[in-house]
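Written out below as structure tokens is the structure these notes cover.
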Amino acid sequence: IHYFIMKNIFLFILFLSSLLSCNNVNQKIVASTSMPISHEIWTELLQKHVFTNGKVNYKGFQADKARFDEYLTLLNTHHPNDKNWSKNQQLAYWINAYNAYTVELILKNYPIESIKKIKKGLPFINSVWDIEFIKIEGNTYDLNHIEHEILRKEFDEPRIHFAIVCASISCPNLLNEAFIAANIDAQLTTQARAFINDHSKNQVFIDNAKLSKIFSWFKGDFTKNTTLIEYINQYSDVKTSSDAKVTYLDYDWGLNE
């Protein structure tokens, strides 16, 4: 009887989830003719409130909330489009938007020990990354949609995993400048090298590699055209052997403060 009840509760949760998915974000894209924006305000704020070790001064962002809101308004009123935006301008926008809205989510719930403490919706189904709080020219997004349906699907660029951040200690460090179209390839490479060679996040040796779980969660993104080890060796100071043993480090979801 207990098994029967639990099974039906699980099926009911799945049913509710399917209903919610019918109303999921961005079912209808509102056409945009906006022009590309400058990310100077974001760079200004990042240089003030992000340290070289990647730690973020969220209290500083709170003190500069009026200025931060100016940047969020700029994001909210300019949706990337193929008519007026180059691919690199769109990529830079979405990376910056993901990071800025992540900071905004932390500020809305600050002080908090971890981004994973922010919850909304059905237990075990909805996470902080499913909160639909991002409004851009009539379109509603959550962070999951930006990451998986836009950045991963439309750009096919594995280095985005070193550029977008989850406000956690084990995440890649938040770059203390905005991504911009003219420099984005170099910026992504810089982030890849910094993350892979950060011994607190990845430990690469000649005969073994202890990697971030990011390389496990998104292994398919990194191995479309190569092996995982070959991908790592492109950016690692230490080149590991092709038959090196690969394991994954525990992920620290503590706030990167």
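Each chain in the structure tokens gets a letter, A, B and so on, in the order shown; residues start at 1 in every chain, and ligands are counted from 1 in the order they appear.
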Helix (DSSP H, G or I) call set, DSSP backbone run, stretch 74-115 of chain A, as a ChimeraX atom specification: /A:74-76,87-109,115
Contacts of stretch 140-157 of chain A within 8 Å, only C-alpha atoms, excl. fewer than 2 positions in-chain, as JSON, numbers by chain: {"A": [25, 26, 91, 94, 95, 98, 101, 102, 129, 130, 131, 132, 133, 134, 135, 136, 138, 159, 160, 221]}
Expected file contents, prior selection, N, CA and C atoms, as a PDB file, in the first residue's frame:
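This is the output file part-v3.pdb:
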ATOM      1  N   VAL A  25       8.675  28.787 -20.457  1.00  0.00           N
ATOM      2  CA  VAL A  25       9.135  30.079 -20.935  1.00  0.00           C
ATOM      3  C   VAL A  25       9.331  30.082 -22.448  1.00  0.00           C
ATOM      4  N   ASN A  26       9.144  31.261 -22.972  1.00  0.00           N
ATOM      5  CA  ASN A  26       9.555  31.522 -24.342  1.00  0.00           C
ATOM      6  C   ASN A  26       8.842  30.648 -25.380  1.00  0.00           C
ATOM      7  N   LEU A  91      26.229  36.326 -28.549  1.00  0.00           N
ATOM      8  CA  LEU A  91      26.886  35.458 -27.566  1.00  0.00           C
ATOM      9  C   LEU A  91      27.320  36.257 -26.345  1.00  0.00           C
ATOM     10  N   TRP A  94      24.255  37.205 -24.173  1.00  0.00           N
ATOM     11  CA  TRP A  94      23.633  36.143 -23.383  1.00  0.00           C
ATOM     12  C   TRP A  94      24.523  35.684 -22.237  1.00  0.00           C
ATOM     13  N   ILE A  95      25.844  35.684 -22.430  1.00  0.00           N
ATOM     14  CA  ILE A  95      26.739  35.344 -21.313  1.00  0.00           C
ATOM     15  C   ILE A  95      26.642  36.408 -20.229  1.00  0.00           C
ATOM     16  N   TYR A  98      23.245  36.156 -18.465  1.00  0.00           N
ATOM     17  CA  TYR A  98      23.184  35.027 -17.532  1.00  0.00           C
ATOM     18  C   TYR A  98      23.871  35.392 -16.217  1.00  0.00           C
ATOM     19  N   TYR A 101      21.958  38.329 -14.308  1.00  0.00           N
ATOM     20  CA  TYR A 101      20.709  37.879 -13.679  1.00  0.00           C
ATOM     21  C   TYR A 101      20.973  36.907 -12.534  1.00  0.00           C
ATOM     22  N   THR A 102      22.076  36.171 -12.584  1.00  0.00           N
ATOM     23  CA  THR A 102      22.456  35.327 -11.453  1.00  0.00           C
ATOM     24  C   THR A 102      22.791  36.192 -10.243  1.00  0.00           C
ATOM     25  N   TRP A 129      17.193  27.451 -10.919  1.00  0.00           N
ATOM     26  CA  TRP A 129      17.437  27.768 -12.323  1.00  0.00           C
ATOM     27  C   TRP A 129      16.171  27.723 -13.176  1.00  0.00           C
ATOM     28  N   ASP A 130      15.045  27.333 -12.542  1.00  0.00           N
ATOM     29  CA  ASP A 130      13.760  27.294 -13.242  1.00  0.00           C
ATOM     30  C   ASP A 130      12.860  28.479 -12.891  1.00  0.00           C
ATOM     31  N   ILE A 131      13.349  29.398 -12.078  1.00  0.00           N
ATOM     32  CA  ILE A 131      12.538  30.555 -11.680  1.00  0.00           C
ATOM     33  C   ILE A 131      12.434  31.525 -12.857  1.00  0.00           C
ATOM     34  N   GLU A 132      11.231  31.790 -13.308  1.00  0.00           N
ATOM     35  CA  GLU A 132      10.997  32.636 -14.481  1.00  0.00           C
ATOM     36  C   GLU A 132      10.898  34.103 -14.047  1.00  0.00           C
ATOM     37  N   PHE A 133      12.042  34.752 -13.937  1.00  0.00           N
ATOM     38  CA  PHE A 133      12.069  36.134 -13.458  1.00  0.00           C
ATOM     39  C   PHE A 133      12.725  37.090 -14.445  1.00  0.00           C
ATOM     40  N   ILE A 134      13.156  36.574 -15.570  1.00  0.00           N
ATOM     41  CA  ILE A 134      13.896  37.385 -16.541  1.00  0.00           C
ATOM     42  C   ILE A 134      12.949  37.827 -17.652  1.00  0.00           C
ATOM     43  N   LYS A 135      12.745  39.132 -17.786  1.00  0.00           N
ATOM     44  CA  LYS A 135      11.842  39.690 -18.790  1.00  0.00           C
ATOM     45  C   LYS A 135      12.649  40.508 -19.795  1.00  0.00           C
ATOM     46  N   ILE A 136      12.617  40.083 -21.056  1.00  0.00           N
ATOM     47  CA  ILE A 136      13.372  40.788 -22.090  1.00  0.00           C
ATOM     48  C   ILE A 136      12.457  41.054 -23.281  1.00  0.00           C
ATOM     49  N   GLY A 138       9.269  41.502 -23.665  1.00  0.00           N
ATOM     50  CA  GLY A 138       8.068  40.688 -23.763  1.00  0.00           C
ATOM     51  C   GLY A 138       8.298  39.197 -23.669  1.00  0.00           C
ATOM     52  N   ARG A 159      33.232  26.468 -24.398  1.00  0.00           N
ATOM     53  CA  ARG A 159      33.882  27.385 -23.455  1.00  0.00           C
ATOM     54  C   ARG A 159      32.891  28.248 -22.685  1.00  0.00           C
ATOM     55  N   ILE A 160      31.624  28.240 -23.087  1.00  0.00           N
ATOM     56  CA  ILE A 160      30.636  29.008 -22.316  1.00  0.00           C
ATOM     57  C   ILE A 160      30.540  28.470 -20.892  1.00  0.00           C
ATOM     58  N   ASP A 221      29.335  18.057 -24.494  1.00  0.00           N
ATOM     59  CA  ASP A 221      29.694  19.337 -25.117  1.00  0.00           C
ATOM     60  C   ASP A 221      31.183  19.404 -25.420  1.00  0.00           C
TER      61      ASP A 221
END
Spatial neighbours of A:Ala194, max dist 10 Å, only C-alpha atoms, sep filter under 6 positions, as a PyMOL selection string: chain A and resi 162+172-173+188+201+235-236
A:Ser168 surroundings by only C-alpha atoms, 7 Å radius, close-in-sequence under 6 positions cut, as a PyMOL selection string: chain A and resi 252-256
Written file, previous selection with all heavy atoms, as an mmCIF file, in the first residue's frame:
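Written file, part_30.cif:
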data_model
loop_
_atom_site.group_PDB
_atom_site.id
_atom_site.type_symbol
_atom_site.label_atom_id
_atom_site.label_comp_id
_atom_site.auth_asym_id
_atom_site.auth_seq_id
_atom_site.Cartn_x
_atom_site.Cartn_y
_atom_site.Cartn_z
ATOM 1 N N ASP A 252 31.457 22.294 -4.537
ATOM 2 C CA ASP A 252 31.114 23.149 -3.399
ATOM 3 C C ASP A 252 30.126 24.222 -3.858
ATOM 4 O O ASP A 252 30.471 25.121 -4.622
ATOM 5 C CB ASP A 252 32.402 23.803 -2.856
ATOM 6 C CG ASP A 252 32.162 24.551 -1.558
ATOM 7 O OD1 ASP A 252 30.990 24.873 -1.247
ATOM 8 O OD2 ASP A 252 33.151 24.853 -0.847
ATOM 9 N N TRP A 253 28.880 24.117 -3.370
ATOM 10 C CA TRP A 253 27.834 25.048 -3.762
ATOM 11 C C TRP A 253 27.749 26.265 -2.812
ATOM 12 O O TRP A 253 26.808 27.056 -2.912
ATOM 13 C CB TRP A 253 26.488 24.343 -3.799
ATOM 14 C CG TRP A 253 26.344 23.391 -4.952
ATOM 15 C CD1 TRP A 253 26.490 22.038 -4.942
ATOM 16 C CD2 TRP A 253 26.068 23.735 -6.321
ATOM 17 N NE1 TRP A 253 26.303 21.504 -6.192
ATOM 18 C CE2 TRP A 253 26.046 22.522 -7.066
ATOM 19 C CE3 TRP A 253 25.831 24.936 -6.992
ATOM 20 C CZ2 TRP A 253 25.784 22.485 -8.428
ATOM 21 C CZ3 TRP A 253 25.567 24.903 -8.350
ATOM 22 C CH2 TRP A 253 25.549 23.696 -9.056
ATOM 23 N N GLY A 254 28.731 26.421 -1.945
ATOM 24 C CA GLY A 254 28.739 27.579 -1.061
ATOM 25 C C GLY A 254 28.835 28.867 -1.862
ATOM 26 O O GLY A 254 29.443 28.902 -2.939
ATOM 27 N N LEU A 255 28.252 29.940 -1.348
ATOM 28 C CA LEU A 255 28.252 31.218 -2.058
ATOM 29 C C LEU A 255 29.676 31.719 -2.271
ATOM 30 O O LEU A 255 30.501 31.677 -1.357
ATOM 31 C CB LEU A 255 27.458 32.256 -1.266
ATOM 32 C CG LEU A 255 27.183 33.576 -1.984
ATOM 33 C CD1 LEU A 255 26.247 33.372 -3.168
ATOM 34 C CD2 LEU A 255 26.579 34.597 -1.005
ATOM 35 N N ASN A 256 29.968 32.193 -3.479
ATOM 36 C CA ASN A 256 31.316 32.656 -3.827
ATOM 37 C C ASN A 256 31.546 34.073 -3.339
ATOM 38 O O ASN A 256 31.878 34.971 -4.107
ATOM 39 C CB ASN A 256 31.540 32.562 -5.348
ATOM 40 C CG ASN A 256 30.565 33.427 -6.135
ATOM 41 O OD1 ASN A 256 29.496 33.795 -5.634
ATOM 42 N ND2 ASN A 256 30.913 33.750 -7.369
#
Every residue of stretch 18-190 of chain A that DSSP places in strand (DSSP E or B), as a ChimeraX atom specification: /A:50,56,114,134-136,139-141,168
Counting only C-alpha atoms, the residue of A:Asn53, A:Ser170, A:Asn126, A:Gln90 that sits nearest A:Ser114: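 Using only C-alpha atoms, A:Ser114 sits closest to A:Ser170.
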Fewer than 3 positions away in the same chain doesn't count, so skip those; otherwise give me all residues within 8 Å of A:Ile118, counting only C-alpha atoms, as a PDB file with N, CA, C and O atoms, in the first residue's frame.
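For reference, out-v5.pdb as written:
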ATOM      1  N   ASN A 109      17.755  37.583  -2.674  1.00  0.00           N
ATOM      2  CA  ASN A 109      17.635  36.636  -1.572  1.00  0.00           C
ATOM      3  C   ASN A 109      18.761  36.775  -0.545  1.00  0.00           C
ATOM      4  O   ASN A 109      18.909  35.924   0.334  1.00  0.00           O
ATOM      5  N   SER A 114      23.867  29.639  -0.057  1.00  0.00           N
ATOM      6  CA  SER A 114      24.082  28.977  -1.338  1.00  0.00           C
ATOM      7  C   SER A 114      22.944  29.303  -2.278  1.00  0.00           C
ATOM      8  O   SER A 114      21.790  29.448  -1.844  1.00  0.00           O
ATOM      9  N   ILE A 115      23.249  29.406  -3.558  1.00  0.00           N
ATOM     10  CA  ILE A 115      22.211  29.655  -4.552  1.00  0.00           C
ATOM     11  C   ILE A 115      21.173  28.536  -4.547  1.00  0.00           C
ATOM     12  O   ILE A 115      20.006  28.755  -4.863  1.00  0.00           O
ATOM     13  N   SER A 127      13.996  23.997  -9.689  1.00  0.00           N
ATOM     14  CA  SER A 127      15.172  24.464  -8.965  1.00  0.00           C
ATOM     15  C   SER A 127      15.270  25.970  -9.132  1.00  0.00           C
ATOM     16  O   SER A 127      14.455  26.603  -9.818  1.00  0.00           O
ATOM     17  N   VAL A 128      16.283  26.545  -8.519  1.00  0.00           N
ATOM     18  CA  VAL A 128      16.515  27.976  -8.652  1.00  0.00           C
ATOM     19  C   VAL A 128      16.677  28.379 -10.118  1.00  0.00           C
ATOM     20  O   VAL A 128      16.305  29.479 -10.510  1.00  0.00           O
TER      21      VAL A 128
END
Which residues come within 12 Å of A:Ala178, counting only C-alpha atoms, excluding same-chain residues fewer than 2 positions away, as a compact mmCIF listing (two decimals) with all heavy atoms, in the first residue's frame?
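Printed below is selection.txt as written:
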# COMPACT_ATOMS: atom_id res chain seq x y z
N ILE A 37 23.87 46.54 -27.65
CA ILE A 37 24.08 47.45 -26.53
C ILE A 37 25.54 47.46 -26.11
O ILE A 37 26.31 46.57 -26.43
CB ILE A 37 23.21 47.07 -25.32
CG1 ILE A 37 23.61 45.68 -24.81
CG2 ILE A 37 21.74 47.14 -25.67
CD1 ILE A 37 22.93 45.28 -23.50
N SER A 38 25.89 48.49 -25.35
CA SER A 38 27.20 48.55 -24.72
C SER A 38 27.11 47.88 -23.35
O SER A 38 26.10 48.00 -22.65
CB SER A 38 27.64 50.01 -24.55
OG SER A 38 28.75 50.10 -23.66
N HIS A 39 28.16 47.18 -22.97
CA HIS A 39 28.21 46.51 -21.66
C HIS A 39 29.16 47.24 -20.72
O HIS A 39 29.68 46.64 -19.77
CB HIS A 39 28.63 45.05 -21.84
CG HIS A 39 27.70 44.26 -22.71
ND1 HIS A 39 26.50 43.77 -22.25
CD2 HIS A 39 27.78 43.89 -24.02
CE1 HIS A 39 25.88 43.11 -23.23
NE2 HIS A 39 26.64 43.17 -24.31
N GLU A 40 29.36 48.53 -20.94
CA GLU A 40 30.31 49.31 -20.13
C GLU A 40 29.90 49.36 -18.66
O GLU A 40 30.74 49.31 -17.77
CB GLU A 40 30.45 50.72 -20.70
CG GLU A 40 31.18 50.79 -22.03
CD GLU A 40 31.30 52.21 -22.56
OE1 GLU A 40 30.85 53.15 -21.85
OE2 GLU A 40 31.84 52.39 -23.66
N ILE A 41 28.59 49.47 -18.40
CA ILE A 41 28.13 49.54 -17.01
C ILE A 41 28.46 48.24 -16.29
O ILE A 41 28.90 48.24 -15.13
CB ILE A 41 26.61 49.81 -16.94
CG1 ILE A 41 26.27 51.17 -17.54
CG2 ILE A 41 26.13 49.74 -15.49
CD1 ILE A 41 24.78 51.45 -17.62
N TRP A 42 28.28 47.11 -16.97
CA TRP A 42 28.58 45.81 -16.38
C TRP A 42 30.07 45.69 -16.07
O TRP A 42 30.45 45.23 -14.98
CB TRP A 42 28.10 44.71 -17.30
CG TRP A 42 28.15 43.31 -16.78
CD1 TRP A 42 28.60 42.21 -17.46
CD2 TRP A 42 27.73 42.81 -15.51
NE1 TRP A 42 28.48 41.07 -16.71
CE2 TRP A 42 27.95 41.41 -15.49
CE3 TRP A 42 27.19 43.41 -14.37
CZ2 TRP A 42 27.65 40.60 -14.39
CZ3 TRP A 42 26.89 42.61 -13.26
CH2 TRP A 42 27.12 41.23 -13.28
N THR A 43 30.92 46.14 -16.98
CA THR A 43 32.36 46.13 -16.72
C THR A 43 32.69 47.00 -15.51
O THR A 43 33.48 46.61 -14.64
CB THR A 43 33.14 46.62 -17.96
OG1 THR A 43 33.05 45.62 -18.98
CG2 THR A 43 34.61 46.84 -17.63
N GLU A 44 32.10 48.17 -15.46
CA GLU A 44 32.32 49.09 -14.33
C GLU A 44 31.99 48.41 -13.00
O GLU A 44 32.77 48.47 -12.04
CB GLU A 44 31.44 50.32 -14.53
CG GLU A 44 31.36 51.27 -13.34
CD GLU A 44 30.22 52.26 -13.49
OE1 GLU A 44 30.00 52.76 -14.61
OE2 GLU A 44 29.54 52.52 -12.47
N LEU A 45 30.85 47.74 -12.94
CA LEU A 45 30.42 47.08 -11.70
C LEU A 45 31.29 45.87 -11.37
O LEU A 45 31.64 45.64 -10.21
CB LEU A 45 28.96 46.66 -11.84
CG LEU A 45 27.95 47.82 -11.90
CD1 LEU A 45 26.58 47.31 -12.31
CD2 LEU A 45 27.87 48.54 -10.56
N LEU A 46 31.64 45.09 -12.38
CA LEU A 46 32.47 43.91 -12.15
C LEU A 46 33.85 44.29 -11.64
O LEU A 46 34.40 43.64 -10.75
CB LEU A 46 32.59 43.10 -13.45
CG LEU A 46 31.31 42.39 -13.92
CD1 LEU A 46 31.49 41.87 -15.35
CD2 LEU A 46 30.94 41.26 -12.98
N GLN A 47 34.42 45.34 -12.19
CA GLN A 47 35.75 45.75 -11.76
C GLN A 47 35.74 46.30 -10.33
O GLN A 47 36.74 46.22 -9.63
CB GLN A 47 36.32 46.79 -12.73
CG GLN A 47 36.66 46.17 -14.08
CD GLN A 47 37.29 47.14 -15.06
OE1 GLN A 47 37.24 48.36 -14.88
NE2 GLN A 47 37.88 46.62 -16.11
N VAL A 50 34.22 42.50 -8.09
CA VAL A 50 34.73 41.14 -8.26
C VAL A 50 36.24 41.15 -8.07
O VAL A 50 36.95 41.92 -8.73
CB VAL A 50 34.38 40.57 -9.66
CG1 VAL A 50 34.98 39.17 -9.82
CG2 VAL A 50 32.87 40.52 -9.85
N TYR A 71 21.83 48.73 -15.79
CA TYR A 71 22.30 47.71 -16.72
C TYR A 71 21.22 46.67 -16.98
O TYR A 71 21.01 46.25 -18.13
CB TYR A 71 23.56 47.03 -16.18
CG TYR A 71 24.11 45.98 -17.13
CD1 TYR A 71 24.55 46.34 -18.41
CD2 TYR A 71 24.16 44.64 -16.77
CE1 TYR A 71 25.03 45.38 -19.29
CE2 TYR A 71 24.65 43.68 -17.64
CZ TYR A 71 25.08 44.06 -18.91
OH TYR A 71 25.55 43.11 -19.79
N GLN A 89 28.04 39.32 -30.99
CA GLN A 89 27.32 40.28 -30.15
C GLN A 89 26.21 39.58 -29.38
O GLN A 89 25.98 39.88 -28.21
CB GLN A 89 26.73 41.40 -31.02
CG GLN A 89 27.76 42.39 -31.52
CD GLN A 89 27.21 43.35 -32.56
OE1 GLN A 89 26.28 43.01 -33.30
NE2 GLN A 89 27.79 44.54 -32.63
N LEU A 91 26.23 36.33 -28.55
CA LEU A 91 26.89 35.46 -27.57
C LEU A 91 27.32 36.26 -26.34
O LEU A 91 27.09 35.84 -25.20
CB LEU A 91 28.09 34.76 -28.21
CG LEU A 91 28.92 33.84 -27.30
CD1 LEU A 91 28.05 32.75 -26.67
CD2 LEU A 91 30.07 33.22 -28.09
N ALA A 92 27.95 37.40 -26.57
CA ALA A 92 28.39 38.25 -25.46
C ALA A 92 27.20 38.69 -24.61
O ALA A 92 27.26 38.67 -23.37
CB ALA A 92 29.15 39.46 -25.99
N TYR A 93 26.13 39.09 -25.28
CA TYR A 93 24.92 39.53 -24.57
C TYR A 93 24.42 38.42 -23.64
O TYR A 93 24.17 38.66 -22.45
CB TYR A 93 23.83 39.92 -25.55
CG TYR A 93 22.49 40.20 -24.90
CD1 TYR A 93 22.09 41.51 -24.62
CD2 TYR A 93 21.62 39.16 -24.56
CE1 TYR A 93 20.86 41.76 -24.02
CE2 TYR A 93 20.40 39.40 -23.94
CZ TYR A 93 20.02 40.71 -23.69
OH TYR A 93 18.81 40.95 -23.08
N TRP A 94 24.26 37.20 -24.17
CA TRP A 94 23.63 36.14 -23.38
C TRP A 94 24.52 35.68 -22.24
O TRP A 94 24.02 35.33 -21.15
CB TRP A 94 23.24 34.97 -24.28
CG TRP A 94 22.04 35.27 -25.13
CD1 TRP A 94 21.99 35.34 -26.50
CD2 TRP A 94 20.71 35.56 -24.67
NE1 TRP A 94 20.71 35.65 -26.92
CE2 TRP A 94 19.91 35.78 -25.82
CE3 TRP A 94 20.12 35.63 -23.41
CZ2 TRP A 94 18.55 36.08 -25.73
CZ3 TRP A 94 18.77 35.93 -23.32
CH2 TRP A 94 18.00 36.15 -24.47
N ILE A 95 25.84 35.68 -22.43
CA ILE A 95 26.74 35.34 -21.31
C ILE A 95 26.64 36.41 -20.23
O ILE A 95 26.50 36.09 -19.04
CB ILE A 95 28.20 35.19 -21.80
CG1 ILE A 95 28.35 33.96 -22.70
CG2 ILE A 95 29.15 35.08 -20.60
CD1 ILE A 95 29.72 33.83 -23.33
N ASN A 96 26.73 37.67 -20.62
CA ASN A 96 26.62 38.76 -19.65
C ASN A 96 25.26 38.75 -18.96
O ASN A 96 25.18 38.97 -17.74
CB ASN A 96 26.83 40.11 -20.34
CG ASN A 96 28.26 40.31 -20.81
OD1 ASN A 96 29.21 39.80 -20.23
ND2 ASN A 96 28.43 41.06 -21.90
N ALA A 97 24.21 38.49 -19.73
CA ALA A 97 22.87 38.46 -19.15
C ALA A 97 22.75 37.34 -18.12
O ALA A 97 22.23 37.54 -17.02
CB ALA A 97 21.83 38.29 -20.26
N TYR A 98 23.25 36.16 -18.47
CA TYR A 98 23.18 35.03 -17.53
C TYR A 98 23.87 35.39 -16.22
O TYR A 98 23.33 35.17 -15.12
CB TYR A 98 23.84 33.80 -18.15
CG TYR A 98 23.68 32.55 -17.30
CD1 TYR A 98 22.68 31.62 -17.59
CD2 TYR A 98 24.52 32.29 -16.22
CE1 TYR A 98 22.52 30.48 -16.80
CE2 TYR A 98 24.37 31.17 -15.43
CZ TYR A 98 23.36 30.26 -15.73
OH TYR A 98 23.21 29.15 -14.94
N ASN A 99 25.06 35.97 -16.30
CA ASN A 99 25.81 36.30 -15.10
C ASN A 99 25.16 37.43 -14.31
O ASN A 99 25.09 37.39 -13.08
CB ASN A 99 27.25 36.67 -15.48
CG ASN A 99 28.04 35.47 -15.96
OD1 ASN A 99 27.67 34.33 -15.71
ND2 ASN A 99 29.12 35.72 -16.69
N ALA A 100 24.66 38.44 -15.02
CA ALA A 100 24.04 39.58 -14.34
C ALA A 100 22.74 39.15 -13.64
O ALA A 100 22.49 39.53 -12.49
CB ALA A 100 23.76 40.69 -15.33
N ALA A 163 32.50 30.50 -18.66
CA ALA A 163 32.16 31.92 -18.70
C ALA A 163 30.92 32.25 -17.88
O ALA A 163 30.85 33.31 -17.24
CB ALA A 163 31.94 32.37 -20.15
N ILE A 164 29.91 31.36 -17.92
CA ILE A 164 28.72 31.60 -17.11
C ILE A 164 28.96 31.03 -15.72
O ILE A 164 29.64 30.03 -15.55
CB ILE A 164 27.46 30.99 -17.75
CG1 ILE A 164 27.59 29.48 -17.97
CG2 ILE A 164 27.17 31.69 -19.07
CD1 ILE A 164 26.34 28.82 -18.47
N LEU A 174 33.93 34.47 -11.78
CA LEU A 174 33.25 35.52 -12.54
C LEU A 174 34.31 36.48 -13.09
O LEU A 174 35.09 37.05 -12.33
CB LEU A 174 32.27 36.27 -11.64
CG LEU A 174 31.47 37.41 -12.27
CD1 LEU A 174 30.64 36.91 -13.45
CD2 LEU A 174 30.56 38.05 -11.22
N LEU A 175 34.36 36.60 -14.40
CA LEU A 175 35.33 37.50 -15.03
C LEU A 175 35.03 38.93 -14.60
O LEU A 175 33.88 39.35 -14.57
CB LEU A 175 35.24 37.39 -16.55
CG LEU A 175 36.28 38.14 -17.39
CD1 LEU A 175 37.68 37.60 -17.13
CD2 LEU A 175 35.94 38.04 -18.88
N ASN A 176 36.09 39.70 -14.26
CA ASN A 176 35.84 41.06 -13.77
C ASN A 176 35.78 42.09 -14.89
O ASN A 176 36.16 43.25 -14.72
CB ASN A 176 36.90 41.46 -12.73
CG ASN A 176 38.28 41.62 -13.32
OD1 ASN A 176 38.55 41.16 -14.43
ND2 ASN A 176 39.17 42.26 -12.57
N ILE A 180 32.67 41.06 -24.55
CA ILE A 180 32.30 41.93 -25.67
C ILE A 180 32.65 41.22 -26.97
O ILE A 180 33.58 40.41 -27.02
CB ILE A 180 32.99 43.30 -25.60
CG1 ILE A 180 34.52 43.16 -25.62
CG2 ILE A 180 32.54 44.08 -24.37
CD1 ILE A 180 35.25 44.49 -25.73
N ALA A 181 31.89 41.53 -28.01
CA ALA A 181 32.01 40.81 -29.27
C ALA A 181 33.43 40.83 -29.83
O ALA A 181 33.94 39.82 -30.32
CB ALA A 181 31.04 41.40 -30.29
N ALA A 182 34.09 41.99 -29.75
CA ALA A 182 35.41 42.14 -30.37
C ALA A 182 36.47 41.25 -29.72
O ALA A 182 37.44 40.87 -30.37
CB ALA A 182 35.84 43.61 -30.31
N ASN A 183 36.29 40.93 -28.43
CA ASN A 183 37.31 40.17 -27.69
C ASN A 183 36.83 38.82 -27.21
O ASN A 183 37.55 38.15 -26.45
CB ASN A 183 37.78 40.98 -26.47
CG ASN A 183 38.44 42.29 -26.85
OD1 ASN A 183 38.91 42.45 -27.97
ND2 ASN A 183 38.45 43.23 -25.92
N ILE A 184 35.65 38.40 -27.61
CA ILE A 184 35.03 37.26 -26.93
C ILE A 184 35.81 35.96 -27.09
O ILE A 184 35.90 35.16 -26.16
CB ILE A 184 33.56 37.10 -27.35
CG1 ILE A 184 32.85 36.19 -26.35
CG2 ILE A 184 33.43 36.58 -28.79
CD1 ILE A 184 31.34 36.28 -26.40
N GLN A 187 38.61 36.13 -24.63
CA GLN A 187 38.07 36.08 -23.27
C GLN A 187 37.66 34.66 -22.89
O GLN A 187 37.92 34.21 -21.76
CB GLN A 187 36.88 37.02 -23.13
CG GLN A 187 37.25 38.50 -23.15
CD GLN A 187 36.02 39.40 -23.13
OE1 GLN A 187 35.08 39.18 -23.90
NE2 GLN A 187 36.02 40.38 -22.25
N LEU A 188 37.04 33.94 -23.81
CA LEU A 188 36.64 32.56 -23.54
C LEU A 188 37.85 31.66 -23.33
O LEU A 188 37.85 30.78 -22.46
CB LEU A 188 35.76 32.04 -24.68
CG LEU A 188 34.37 32.64 -24.78
CD1 LEU A 188 33.68 32.19 -26.06
CD2 LEU A 188 33.52 32.28 -23.57
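Among the candidates A:Ile112, A:Leu75, A:Ile229, A:Ala192, the one nearest to A:Asp207 when counting only C-alpha atoms is A:Ile229.
We find atom CA of A:Gly60 and atom CA of A:Phe179 to be spaced 20.8 Å apart.
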12 Å contact set for A:Gln234, only C-alpha atoms, chain neighbours under 2 positions out, as a ChimeraX atom specification: /A:159,189-190,192-193,196-197,222,226-232,236-240
Selection export as a compact mmCIF listing (two decimals), in the first residue's frame, atoms kept: C-alpha atoms:
# COMPACT_ATOMS: atom_id res chain seq x y z
CA ARG A 159 33.88 27.38 -23.45
CA THR A 189 40.11 31.09 -23.95
CA THR A 190 41.35 33.07 -20.95
CA ALA A 192 39.14 28.15 -20.04
CA ARG A 193 42.82 28.35 -19.07
CA ILE A 196 41.34 24.34 -15.85
CA ASN A 197 44.59 25.48 -14.22
CA PHE A 222 33.44 18.86 -24.71
CA THR A 226 37.73 15.15 -29.49
CA THR A 227 38.25 13.19 -26.28
CA LEU A 228 37.84 14.81 -22.88
CA ILE A 229 41.58 14.51 -22.16
CA GLU A 230 42.49 16.06 -25.52
CA TYR A 231 40.12 18.92 -24.77
CA ILE A 232 41.64 19.51 -21.34
CA SER A 236 46.09 22.85 -19.25
CA ASP A 237 49.63 23.83 -18.28
CA VAL A 238 50.24 20.17 -17.43
CA LYS A 239 49.54 17.77 -20.30
CA THR A 240 47.98 14.56 -19.06
